[in-house]
>>> print(open('final_18.txt').read())   # compact mmCIF, C-alpha atoms
# COMPACT_ATOMS: atom_id res chain seq x y z
CA MET A 269 37.24 59.12 -85.70
CA ILE A 270 37.27 62.79 -86.65
CA ARG A 271 39.97 63.48 -84.05
CA ILE A 272 42.22 60.78 -85.46
CA LEU A 273 41.82 62.20 -88.96
CA LEU A 274 42.57 65.68 -87.60
CA TYR A 275 45.75 64.39 -85.92
CA ILE A 276 46.86 62.68 -89.14
CA PHE A 277 46.13 65.87 -91.11
CA ILE A 278 48.14 68.04 -88.71
CA ILE A 279 51.08 65.63 -88.70
CA SER A 280 50.97 65.47 -92.51
CA CYS A 281 51.01 69.27 -92.74
CA GLY A 282 54.06 69.40 -90.46
CA PHE A 283 55.76 66.70 -92.51
CA LEU A 284 55.15 68.55 -95.78
CA LEU A 285 56.34 71.86 -94.31
CA SER A 286 59.54 70.18 -93.22
CA LYS A 287 60.06 68.15 -96.40
CA TYR A 288 59.76 71.16 -98.69
CA LYS A 289 61.76 73.37 -96.29
CA LEU A 290 58.96 75.93 -95.94
CA ILE A 291 59.92 76.84 -92.36
CA PRO A 292 62.78 79.34 -91.95
CA LEU A 293 65.79 78.13 -89.96
CA LYS A 294 65.27 80.81 -87.31
CA LEU A 295 61.73 79.57 -86.64
CA LYS A 296 62.87 75.95 -86.76
CA MET A 297 65.29 76.63 -83.89
CA LYS A 298 62.42 77.93 -81.76
CA THR A 299 60.25 74.86 -82.35
CA THR A 300 62.45 72.88 -79.97
CA ILE A 301 61.56 75.24 -77.14
CA LEU A 302 57.86 75.09 -78.03
CA GLN A 303 58.00 71.31 -78.25
CA SER A 304 59.62 70.98 -74.82
CA PHE A 305 57.19 73.44 -73.24
CA SER A 306 54.22 71.58 -74.76
CA LEU A 307 55.49 68.25 -73.46
CA PHE A 308 56.04 69.58 -69.94
CA PHE A 309 52.61 71.24 -69.99
CA LEU A 310 50.98 67.97 -71.10
CA LEU A 311 52.76 66.00 -68.37
CA GLY A 312 51.70 68.56 -65.78
CA VAL A 313 48.06 68.42 -66.87
CA MET A 314 48.14 64.62 -66.82
CA GLY A 315 49.64 64.64 -63.32
CA TYR A 316 47.02 67.12 -62.13
CA LYS A 317 44.21 65.01 -63.62
CA ILE A 318 45.49 61.83 -61.96
CA GLY A 319 46.15 63.56 -58.63
CA SER A 320 42.75 65.21 -58.50
CA ASP A 321 40.82 61.99 -59.20
CA ASN A 322 40.10 60.51 -55.77
CA LYS A 323 39.01 57.20 -57.29
CA ILE A 324 42.44 56.69 -58.86
CA ILE A 325 44.20 57.71 -55.63
CA LYS A 326 42.09 55.27 -53.58
CA GLU A 327 42.69 52.42 -56.05
CA PHE A 328 46.42 53.08 -56.36
CA PRO A 329 47.44 50.35 -53.88
CA ASN A 330 45.28 47.87 -55.80
CA LEU A 331 46.92 48.61 -59.13
CA GLY A 332 49.53 46.05 -58.29
CA LEU A 333 53.20 45.50 -58.83
CA GLN A 334 52.67 44.60 -62.47
CA ALA A 335 51.43 48.09 -63.39
CA ILE A 336 54.37 49.72 -61.62
CA VAL A 337 56.88 47.40 -63.31
CA ILE A 338 55.35 48.08 -66.75
CA ALA A 339 55.48 51.83 -66.14
CA LEU A 340 59.11 51.72 -64.95
CA PHE A 341 60.25 49.62 -67.89
CA SER A 342 58.42 51.92 -70.31
CA ILE A 343 60.13 54.97 -68.85
CA LEU A 344 63.57 53.38 -68.67
CA GLY A 345 63.22 51.90 -72.17
CA SER A 346 62.31 55.32 -73.58
CA ILE A 347 65.31 56.92 -71.88
CA PHE A 348 67.76 54.29 -73.10
CA ILE A 349 66.44 54.28 -76.66
CA THR A 350 66.57 58.09 -76.79
CA LYS A 351 70.14 58.12 -75.44
CA PHE A 352 71.15 55.46 -77.97
CA PHE A 353 69.76 57.34 -80.98
CA PHE A 354 71.10 60.74 -79.93
CA ARG A 355 74.56 59.29 -79.22
CA LYS A 356 74.65 57.53 -82.59
CA ARG A 357 73.45 60.68 -84.32
CA GLY A 358 76.21 62.77 -82.75
CA ASP A 359 78.97 60.35 -83.78
CA LYS A 360 78.44 60.93 -87.51
>>> encode(input="final_18.txt", output="C-alpha cells")
Amino acid sequence: MIRILLYIFIISCGFLLSKYKLIPLKLKMKTTILQSFSLFFLLGVMGYKIGSDNKIIKEFPNLGLQAIVIALFSILGSIFITKFFFRKRGDK
C-alpha cells in the first residue's frame, strides 16, 4: 500500500511541476532521452528476470496459445494506438 501511495505522490509531483511550468525547457528536452533509457532498461531487466527463471522457461510450452495471442494483441494494440495519437497530434 505504501508503494502505491509513493507512486501516486511521485506522479502528482511530476504533474504539478509540469502544470506550473517549473521545469526549464532545456531540461524538458532531456527528459525524453531519460524516459526512453528508463523504459529500455526496465524491459531489459524484465527480460533478464524471465530468462533466468528456469521454472518459467520450463513452463513456457504449457502457457498456451491464449497467452501468446493476448500478448501479441496487447503489443500490436499499443503500437497502433500510439501511432494514431502521434499522427493526429502532428496534423494540428
>>> axis_aligned_box(input="final_18.txt", around="segment 323-330 of chain A", padding_each_side="3 Å", output="AutoDock Vina command-line options")
--center_x 43.2 --center_y 52.8 --center_z -56.2 --size_x 14.4 --size_y 15.8 --size_z 11.3
>>> atom_distance(input="final_18.txt", atom1="atom CA of Ser346 of chain A", atom2="atom CA of Leu307 of chain A")
14.6 Å
>>> atom_distance(input="final_18.txt", atom1="atom CA of Leu284 of chain A", atom2="atom CA of Thr350 of chain A")
24.5 Å
